[in-house]
Amino acid sequence: MDIDSVITEINPVILDKLNTHNGLVLEIEDIVIYNLPKLYGVKRDVFNSILKDIDYVNLPAIVGSIYSLHRLPLEGYEIHLISHRDCRQGLKEETEQWFKNKGVPKYKSLTLTEHKVQRAKELELDMMIEDSPKQAMDFVNNNIPIILFDYPYNRNIESDLIYRVSGWTEAREVINDYSRIKKRQG
């Protein structure tokens, strides 16, 4: 599963920093494209410097994510975290510290990479949990089903392999339903 905007509540933090930088007052419902530098009219290097200024260790958790990260392994699921987070020095350690601070039990793996589909294939994942429309379609194009956390910026994509959810309760339902169907198919 992805981390940001799936497990961590990063969108308000990024929007606050960009709004402060640009003197705007955009909210999540205003973000209808998945290209914040373009939407805010900032250069990629400025955007990247704003991201580097985020305190990843203290990001809030999305409602239900911590509970789900505890429940899913107890129900027999392996947790593999695959994030397209900036691979800057120390960010993997900050990410691991976030999970430790939240009391999340040991997950199977944590990978920070631009090549999420490739990593998912290496791990032979049955399904991915994502928020990015581009990443979701990359998985779909490789026949990997997606649980897609619903945000305005990803509402323009659809597929039979996309299971759109509004939160972790629905996500766990989809995981369990998918698992039951897969078991029946043998």
# chains A, B, ... in the order shown; residues from 1 in each chain; ligands from 1
>>> residues_around(residues="Asp131 (chain A)", least_positions_apart="3", cutoff="12 Å", atoms="only C-alpha atoms", output="ChimeraX atom specification")
/A:1-11,34,83-84,128,134-137,139,146-155,157,162-167
>>> atom_distance(atom1="CA of Gln118 (chain A)", atom2="CA of Ile66 (chain A)")
26.3 Å
>>> closest_atom_pairs(of="region 56-79 of chain A", to="region 90-99 of chain A", cutoff="9 Å", atoms="only C-alpha atoms", output="CSV")
residue,atom,partner,partner_atom,distance
A:Tyr56,CA,A:Glu94,CA,6.4
A:Val57,CA,A:Trp98,CA,4.7
A:Asn58,CA,A:Trp98,CA,6.8
A:Leu59,CA,A:Trp98,CA,7.8
A:Ile66,CA,A:Phe99,CA,8.9
>>> atom_distance(atom1="CA of Leu123 (chain A)", atom2="CA of Asp55 (chain A)")
29.2 Å
>>> residues_around(residues="Asp86 (chain A)", least_positions_apart="5", cutoff="9 Å", atoms="only C-alpha atoms", output="PDB file with N, CA and C atoms, in the first residue's frame")
ATOM      1  N   ASN A  48       9.555  20.999  -4.718  1.00  0.00           N
ATOM      2  CA  ASN A  48      10.379  19.989  -4.043  1.00  0.00           C
ATOM      3  C   ASN A  48      10.976  20.515  -2.746  1.00  0.00           C
ATOM      4  N   LEU A  51       8.308  20.317  -0.168  1.00  0.00           N
ATOM      5  CA  LEU A  51       8.131  18.940   0.302  1.00  0.00           C
ATOM      6  C   LEU A  51       9.234  18.538   1.280  1.00  0.00           C
ATOM      7  N   LYS A  52      10.453  18.987   1.004  1.00  0.00           N
ATOM      8  CA  LYS A  52      11.575  18.633   1.885  1.00  0.00           C
ATOM      9  C   LYS A  52      11.431  19.267   3.254  1.00  0.00           C
ATOM     10  N   LEU A  91      14.882   9.995   4.644  1.00  0.00           N
ATOM     11  CA  LEU A  91      13.417   9.934   4.622  1.00  0.00           C
ATOM     12  C   LEU A  91      12.895   8.538   4.948  1.00  0.00           C
ATOM     13  N   LEU A 112      10.780   2.882  -0.805  1.00  0.00           N
ATOM     14  CA  LEU A 112      10.579   4.210  -1.382  1.00  0.00           C
ATOM     15  C   LEU A 112      11.156   4.146  -2.787  1.00  0.00           C
ATOM     16  N   THR A 113      10.294   4.317  -3.795  1.00  0.00           N
ATOM     17  CA  THR A 113      10.739   4.146  -5.175  1.00  0.00           C
ATOM     18  C   THR A 113       9.813   4.864  -6.148  1.00  0.00           C
ATOM     19  N   GLU A 114      10.361   5.217  -7.278  1.00  0.00           N
ATOM     20  CA  GLU A 114       9.554   5.742  -8.385  1.00  0.00           C
ATOM     21  C   GLU A 114       8.912   4.597  -9.155  1.00  0.00           C
TER      22      GLU A 114
END
>>> select_by_dssp(residues="region 77-177 of chain A", states="strand (DSSP E or B)", output="ChimeraX atom specification")
/A:80-83,109-112,128-130,146-149,162-165
>>> select_by_dssp(residues="region 18-177 of chain A", states="alpha helix (DSSP H)", output="NGL selection string")
:A and (18-22 or 36-40 or 44-52 or 65-74 or 91-101 or 116-123 or 133-140 or 168-177)
>>> atom_distance(atom1="CA of Ile31 (chain A)", atom2="CA of Gln89 (chain A)")
29.0 Å
>>> residues_around(residues="Glu122 (chain A)", least_positions_apart="6", cutoff="12 Å", atoms="only C-alpha atoms", output="PyMOL selection string")
chain A and resi 80+82+109+111+115-116
>>> residues_around(residues="Tyr77 (chain A)", least_positions_apart="4", cutoff="10 Å", atoms="only C-alpha atoms", output="number ranges by chain")
A: 69, 71-73, 108, 175-176, 179
